[in-house]
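Participant: Could you have a look at this structure, given as structure tokens, before my questions?
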Amino acid sequence: MPKTILEVIDLKKHFIDRRGLFSFFKQQRQSIPAVDGVSFYLKENETLGLVGESGCGKTTIGRTILRLEKPSSGKIIFDGKDITSIPTDELRQFRSQMQMIFQDLDAALNPKMDVRDILSEAITVHHRISDTEVDNRIGDLLEQVKLKKSKLSSFPHELSGGEKRRVSLARVLSVGAKFIVADEPTSALDVSIQAQVVNLLRQLQKQLGLSYLFISHDLRVVELISHKVAVMYLGKIVEIGLSDRISNRASHPYTQILWSSLVEKQSKETVQKAKNVQAGRWGVFDFEGPAAGCRFAPRCPVYESMGKPMLCTDAASEPRLTDIGGSHQVACHFPP
Amino acid sequence: MTTAPILKIEDLRTYFYSRSKQAFIRSVDGVSLEIAKGETLGVVGESGSGKSVTALSILGLISVGPGVISGKIGFHSDRIQKDLLQDLGDFVKLTTRAGKVMEVTKDVVGWERNTERVMSKVRGKEIAMTFQNPKSSLNPFTSVGKQITEAIRLHTAMKIEREAKERALTWLDRVKIDSPRLRFDNYPYGLSGGMCQRAMIAVALASEPSLLIADEPTTGLDATIQSKIVDLLVELKSELGITTMLISHDISIISRLSESVAVMYGGTVFEYGPAKHILSAGFESKHPYTSALLASIPSAQNIREKGYLPAIEGDVLDTINIPEGCRFYSRCNQVTEKIREKCARQEPDLRQIESGHKVRCWLYFD
């Protein structure tokens, strides 16, 4: 029985909108619920895929778990210890075990440091070791992520997208991380390179027993790499379950729409069907004033087809995640 | 379909010079393509294979030296018939050795003046382009509606501002932007990525071009938005019957939209032919690169059967040091002993293997 490495309980992160020079004195400050009550757990050696449209709070969850953002409420339990509000100096020892691969690598890799400097800095930050050991360690890391030795003296701008991912992966591994938040690691890569990165991530997981929180909006990749998938909408998880079940027997209307929008899966008939589903209002969603009751109701085809039942928009009864069997949970009043 | 091609590119070469490496970057190195009237040509390939540079060369938008150095771009619409690279030979002198360009002397200023003269009636009016990054390609200081109005007044017979404005509103409506009257005065920063893409399509189509070049219209968008942009393109295609050159690295999008496909690698076309043949999994004779590219599309089936995704090992070709022989040789997994020698030494040319289907690979010709 693999042990639970991460548990998140009712995590909330509300950003406060500070617009204007004297906003500090304002009586009413608007808060934006980027993450609004999210709970899940992650076992060792497992991957949880987190999908959703941009702006639904995926990245914020990742950042909050690593305590890069201060959570507003809720609990984060990492490796059996509550790290929600431990002081920064205690947090440091956990930082070597949990790491993040950032989405924008042009911003995440220092443009003035070459690959060797980037890696050796990461190695020496948590462990005090001699220069020769550092060199050995760098050699091992390069082998693990399959990067050529000749790239050590290259600067980030000289590397291709795939190579940059490898460097950031090596940097994460160099501190000995067990749990990795991978934020869109395959976005903006070509399919061939994307396949290389996905294979590498899977291989490292097997070799080193890593756990991933895999954030992506590319459903095909998430489906491939994850054991479990969580679908997010407006700061909440609307469906969570095993990867196979989510991709084949999606129950939440939002998940169904997401999956039907995969261009590759569309034949002529399903295109027509998807069009009918999407014909409803499908505009930009409003984070600042989410709909009362079920957040998805304004865009929901089921809500529309059932004649707009009161239950869906009743502010007192927001749908909760309920088990529909096979460790598959859906937050919908009318699961099919 | 035997209509004359609206665009016919022959042996186009666009080079850049890398000062630090003291060598040419052969971004486009002998591309030949044809787009028939009314059809959509999909151009696929990894990044760095020269897709966008080809598009920019067509429009004469390459401003770094030496840029376009040889080739022909024949453009034949109802209104204009000419070679977009006419008189190129007068401005460029090439020194070649064994078929390879070693030195280029180009009168860049003269060539640019010539391009402006040749392209003045073509760029924007006959050939319109939507660029890769809509947010940075729209003018941040001008409202979206104004930008469409500007295109209409500049390129069509409609010169009166009020009329053009009405037309711009119908275009906004046509590309499915909600409440066009409200959005008309919005600036690009106020629009989401998908809406910017729509707005840019509207700007491009407002001048009623004969050919639309769409460069990566769906990259950087969410899956739901992506499929809606594709729906929009499908709809506009059936409504307006516009000839399109669609550039993308997403094969699923190309296969839904285009009739013919060109697969590019390392600055050349590797395979060219009807989309339904080349991009369907069951079809046999294809270039090894195309098959590898198709296999690396993530699918649950792959993982279940093999336990991994069949990736193409190695990196995209370094177009500075193009090796002798086939450009794909070092990454190719279908080299047989019989042709190994040939693959390593001699570059294959793009040959027809059946009607309308061309391949650049030794596997198919002895």
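As shown in the structure tokens, the chain order sets the letters A, B, ...; within each chain, residues go from 1, and ligands are also counted from 1 in the order they appear.
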Please provide as a VMD selection string all residues within 12 Å of Leu159 in chain A, with the sequence filter that same-chain residues fewer than 3 positions apart are discarded (counting only C-alpha atoms).
Facilitator: (chain A and resid 105 to 106 109 111 114 to 115 147 to 148 150 to 156 162 to 168) or (chain B and resid 315 to 316 318)
Participant: Counting only C-alpha atoms, collect the residues of chain A whose closest atom lies at most 8 Å from chain B, and write them out as a PyMOL selection string.
Facilitator: chain A and resi 53-54+187-188+190-193+195-196+198-199+217-221+223-224+257-258+261-264+283
Participant: With N, CA and C atoms retained, export the selected residues as a tab-separated table (two decimals), in the first residue's frame.
Facilitator:
```
chain	number	residue	atom	x	y	z
A	53	GLU	N	-9.84	25.11	-18.20
A	53	GLU	CA	-9.48	26.20	-19.10
A	53	GLU	C	-8.52	27.15	-18.41
A	54	SER	N	-7.87	28.00	-19.20
A	54	SER	CA	-6.96	28.93	-18.54
A	54	SER	C	-7.77	29.89	-17.68
A	187	SER	N	3.38	22.48	-22.92
A	187	SER	CA	2.76	23.50	-23.76
A	187	SER	C	3.83	24.13	-24.64
A	188	ALA	N	3.42	24.56	-25.81
A	188	ALA	CA	4.31	25.21	-26.77
A	188	ALA	C	5.44	24.31	-27.26
A	190	ASP	N	6.46	20.96	-29.89
A	190	ASP	CA	5.97	20.17	-31.01
A	190	ASP	C	5.59	18.78	-30.54
A	191	VAL	N	4.73	18.10	-31.30
A	191	VAL	CA	4.30	16.78	-30.86
A	191	VAL	C	5.46	15.82	-30.66
A	192	SER	N	6.45	15.88	-31.54
A	192	SER	CA	7.56	14.93	-31.41
A	192	SER	C	8.34	15.18	-30.12
A	193	ILE	N	8.60	16.45	-29.83
A	193	ILE	CA	9.35	16.81	-28.63
A	193	ILE	C	8.48	16.57	-27.39
A	195	ALA	N	6.31	14.30	-27.03
A	195	ALA	CA	6.36	12.86	-26.74
A	195	ALA	C	7.63	12.51	-25.98
A	196	GLN	N	8.75	13.14	-26.37
A	196	GLN	CA	10.00	12.89	-25.65
A	196	GLN	C	9.88	13.29	-24.19
A	198	VAL	N	7.13	13.68	-22.34
A	198	VAL	CA	6.19	12.82	-21.63
A	198	VAL	C	6.85	11.48	-21.28
A	199	ASN	N	7.57	10.90	-22.24
A	199	ASN	CA	8.26	9.64	-21.98
A	199	ASN	C	9.27	9.79	-20.86
A	217	HIS	N	-3.59	22.07	-19.95
A	217	HIS	CA	-4.89	22.14	-20.59
A	217	HIS	C	-4.96	21.22	-21.80
A	218	ASP	N	-3.87	20.50	-22.05
A	218	ASP	CA	-3.88	19.55	-23.14
A	218	ASP	C	-4.42	18.21	-22.65
A	219	LEU	N	-5.68	17.96	-22.99
A	219	LEU	CA	-6.36	16.80	-22.43
A	219	LEU	C	-5.70	15.49	-22.84
A	220	ARG	N	-5.19	15.45	-24.06
A	220	ARG	CA	-4.62	14.19	-24.53
A	220	ARG	C	-3.42	13.78	-23.70
A	221	VAL	N	-2.57	14.77	-23.39
A	221	VAL	CA	-1.38	14.48	-22.61
A	221	VAL	C	-1.75	14.08	-21.18
A	223	GLU	N	-4.46	12.74	-20.11
A	223	GLU	CA	-5.06	11.41	-20.15
A	223	GLU	C	-3.97	10.34	-20.15
A	224	LEU	N	-2.87	10.64	-20.83
A	224	LEU	CA	-1.79	9.68	-20.99
A	224	LEU	C	-0.98	9.47	-19.74
A	257	ILE	N	-18.01	18.36	-22.37
A	257	ILE	CA	-17.76	19.38	-23.37
A	257	ILE	C	-16.27	19.50	-23.66
A	258	LEU	N	-15.48	19.48	-22.56
A	258	LEU	CA	-14.03	19.55	-22.74
A	258	LEU	C	-13.55	18.44	-23.65
A	261	SER	N	-14.46	18.63	-27.28
A	261	SER	CA	-13.83	19.70	-28.03
A	261	SER	C	-12.44	19.30	-28.54
A	262	LEU	N	-12.01	18.10	-28.21
A	262	LEU	CA	-10.75	17.63	-28.75
A	262	LEU	C	-10.89	17.48	-30.26
A	263	VAL	N	-10.15	18.27	-31.00
A	263	VAL	CA	-10.33	18.29	-32.45
A	263	VAL	C	-10.10	16.91	-33.05
A	264	GLU	N	-9.14	16.20	-32.48
A	264	GLU	CA	-8.75	14.92	-33.05
A	264	GLU	C	-9.88	13.90	-32.96
A	283	GLY	N	-19.69	32.19	-23.37
A	283	GLY	CA	-18.82	33.36	-23.36
A	283	GLY	C	-17.73	33.25	-22.32
```
Participant: Would you give me, as a VMD selection string, the residues in range 155-343 of chain B that DSSP reads as alpha helix (DSSP H)?
Facilitator: chain B and resid 155 161 to 174 180 to 183 193 to 206 223 to 240 251 to 257 275 to 278 288 to 295 300 to 306 337 to 343
Participant: Near Met200 in chain B, within 10 Å and counting only C-alpha atoms, which residues show up once chain neighbours fewer than 5 positions away are dropped, as a PyMOL selection string?
Facilitator: chain B and resi 129-131+133-135+137-138+144+147-148+172+175+188+194-195+205-206+217
Participant: Determine the nearest neighbour of Lys12 in chain A from the options A:Ser96, A:Ala108, A:Lys236, A:Pro87, counting only C-alpha atoms.
Facilitator: A:Lys236
